[in-house]
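In what follows, a single structure is set out as structure tokens and then discussed.
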Amino acid sequence: MKTILLPTDFSKASEKAMEYAILIAQRNNARIVVAHAYLLPVFSSILAPSVMDCMIEEVVQKTDSKLISICKKISSHFSDSGKQLECEYVSAYSVPETEIKNVAHLKKPDLIIMGTNSRDNLQAFLRSTTSRIIDTVSFPLLIVHENTIVAPIEKIHMAIENITKDAVEASQLINLASSFKASITLLHVKPNNKVNESKGNFLFADFIKNFIDYSSIKLKTCISNNVEEGLKTSLSEDSSDLLVLIKYSRKWLDELFHKSIIRAFIKKGDLPILILHRT
């Protein structure tokens, strides 16, 4: 992990995302790219062009000043190997999701970390910047809530549907997990009438032997007829530090279901969510 993209809107949630970016960068000697999109004020037609230019310049200067301050905070920290963290910022007149997408394709980050606020309903979530970023950016995306307590990642849980197919995504977690010496638990939710745990454990053991070189990884089967409730119960039992969800490109009905699962855990508000994309 060499590059972390940190979008910011200068909110409390963005500050929490910055803390996570610093924490992960310290373990990986990664540089952080801070990105911000700003909109210009609505001008009256009676204003002289020179006045409008001054107002625009003021917006740009205030934005740059805040971004410079964030970069100074980040650069005041050192990696575990003693290296000062590298940081740069990018700002543009744009809507947030467009700027994040543009910067991501330019910088090719290994991870995007962004803050989010709670949403009261589905429609609010679907209209949010968070939702649009999930839909338009294919890079791994870590979503941090404004109420999240920032702490080293010791227990990572990843929800999977298919033991052999979905577990392939777990290989993307190895660098992050190993940098914190964290355990990885793959959570597989099954209805009561479809339990065959011995077969699942056999498939998983065979998969681990052939595809993943990481000792601290295991499979946990959750028995529940409701995926969301099964995951919540298991996460509560294990005191998870990070939940990983896979976002699929599939038929719209399945897509809506998976978006509802993502929405539910983002609304939960106290657990960071890492979203991996599969095409």
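Residue names in the structure tokens use chain letters A, B, ... in the order shown, residue numbers from 1 in each chain, and ligand numbers from 1 in the order shown.
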Residues near A:Ala151, anyone? I mean within 10 Å using only C-alpha atoms, not counting same-chain ones fewer than 3 positions away, as an NGL selection string.
:A and (19-20 or 23 or 148 or 154 or 241)
For those residues, write C-alpha atoms to a file as a compact mmCIF listing (two decimals), in the first residue's frame.
# COMPACT_ATOMS: atom_id res chain seq x y z
CA GLU A 19 -6.95 9.94 11.52
CA TYR A 20 -7.47 6.57 9.88
CA LEU A 23 -2.84 5.34 11.13
CA THR A 148 -16.09 6.21 14.87
CA GLU A 154 -6.90 -5.91 15.18
CA ASP A 241 -12.67 -3.29 14.18
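Residues within 9 Å of stretch 229-235 of chain A, counting only C-alpha atoms and excluding same-chain residues fewer than 5 positions away, are His157, Ala159, Leu187, His188, Val189, Lys190, Lys220, Cys222, Ile223, Ser224, Ser240, Asp241, Leu243 and Phe265 of chain A.
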Could you produce a table of the residues of stretch 27-117 of chain A lying within 12 Å of stretch 167-186 of chain A, with the nearest pair of atoms per residue and their separation in Å rounded to one decimal, using only C-alpha atoms, ordered by chain and increasing residue number, as CSV?
residue,atom,partner,partner_atom,distance
A:Arg27,CA,A:Ser179,CA,5.7
A:Asn28,CA,A:Ser179,CA,6.7
A:Asn29,CA,A:Ser179,CA,10.3
A:Ala30,CA,A:Leu176,CA,11.6
A:Ser79,CA,A:Ser179,CA,11.7
A:Asp80,CA,A:Ser179,CA,10.2
A:Asp110,CA,A:Gln172,CA,10.0
A:Leu111,CA,A:Leu176,CA,10.0
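Near A:Phe10, within 10 Å and counting only C-alpha atoms, sit His36, Thr63, Lys66, Leu67, Ile70 and Gly115 of chain A; same-chain residues fewer than 6 positions away were not included.
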What does the file look like for those residues with N, CA and C atoms, as a CSV table (one decimal), in the first residue's frame?
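Result saved to out.csv:
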chain,number,residue,atom,x,y,z
A,36,HIS,N,-10.1,17.9,-2.5
A,36,HIS,CA,-11.2,18.7,-2.1
A,36,HIS,C,-11.9,19.3,-3.3
A,63,THR,N,-9.8,27.9,0.8
A,63,THR,CA,-9.7,26.4,0.6
A,63,THR,C,-8.3,25.9,0.7
A,66,LYS,N,-6.9,25.8,4.2
A,66,LYS,CA,-7.4,24.7,5.0
A,66,LYS,C,-6.7,23.4,4.6
A,67,LEU,N,-6.5,23.2,3.3
A,67,LEU,CA,-5.8,22.0,2.8
A,67,LEU,C,-4.3,22.0,3.2
A,70,ILE,N,-4.2,20.8,6.8
A,70,ILE,CA,-4.4,19.4,6.9
A,70,ILE,C,-3.1,18.6,6.5
A,115,GLY,N,-14.9,10.2,5.0
A,115,GLY,CA,-15.9,10.3,6.1
A,115,GLY,C,-17.3,10.4,5.6
Between atom CA of A:Pro7 and atom CA of A:Tyr38 lies a distance of 11.7 Å
Using only C-alpha atoms, which of the listed residues (A:Phe139, A:Tyr214, A:Tyr93, A:Phe78) sits closest to A:Leu276?
A:Phe139
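Residues in contact with A:Met114 at up to 7 Å, not including ones fewer than 3 positions away on its chain and judged by only C-alpha atoms, are A:Leu6, A:Pro7, A:Ser14, A:Ala17, A:Leu142, A:Ile143, A:Val144.
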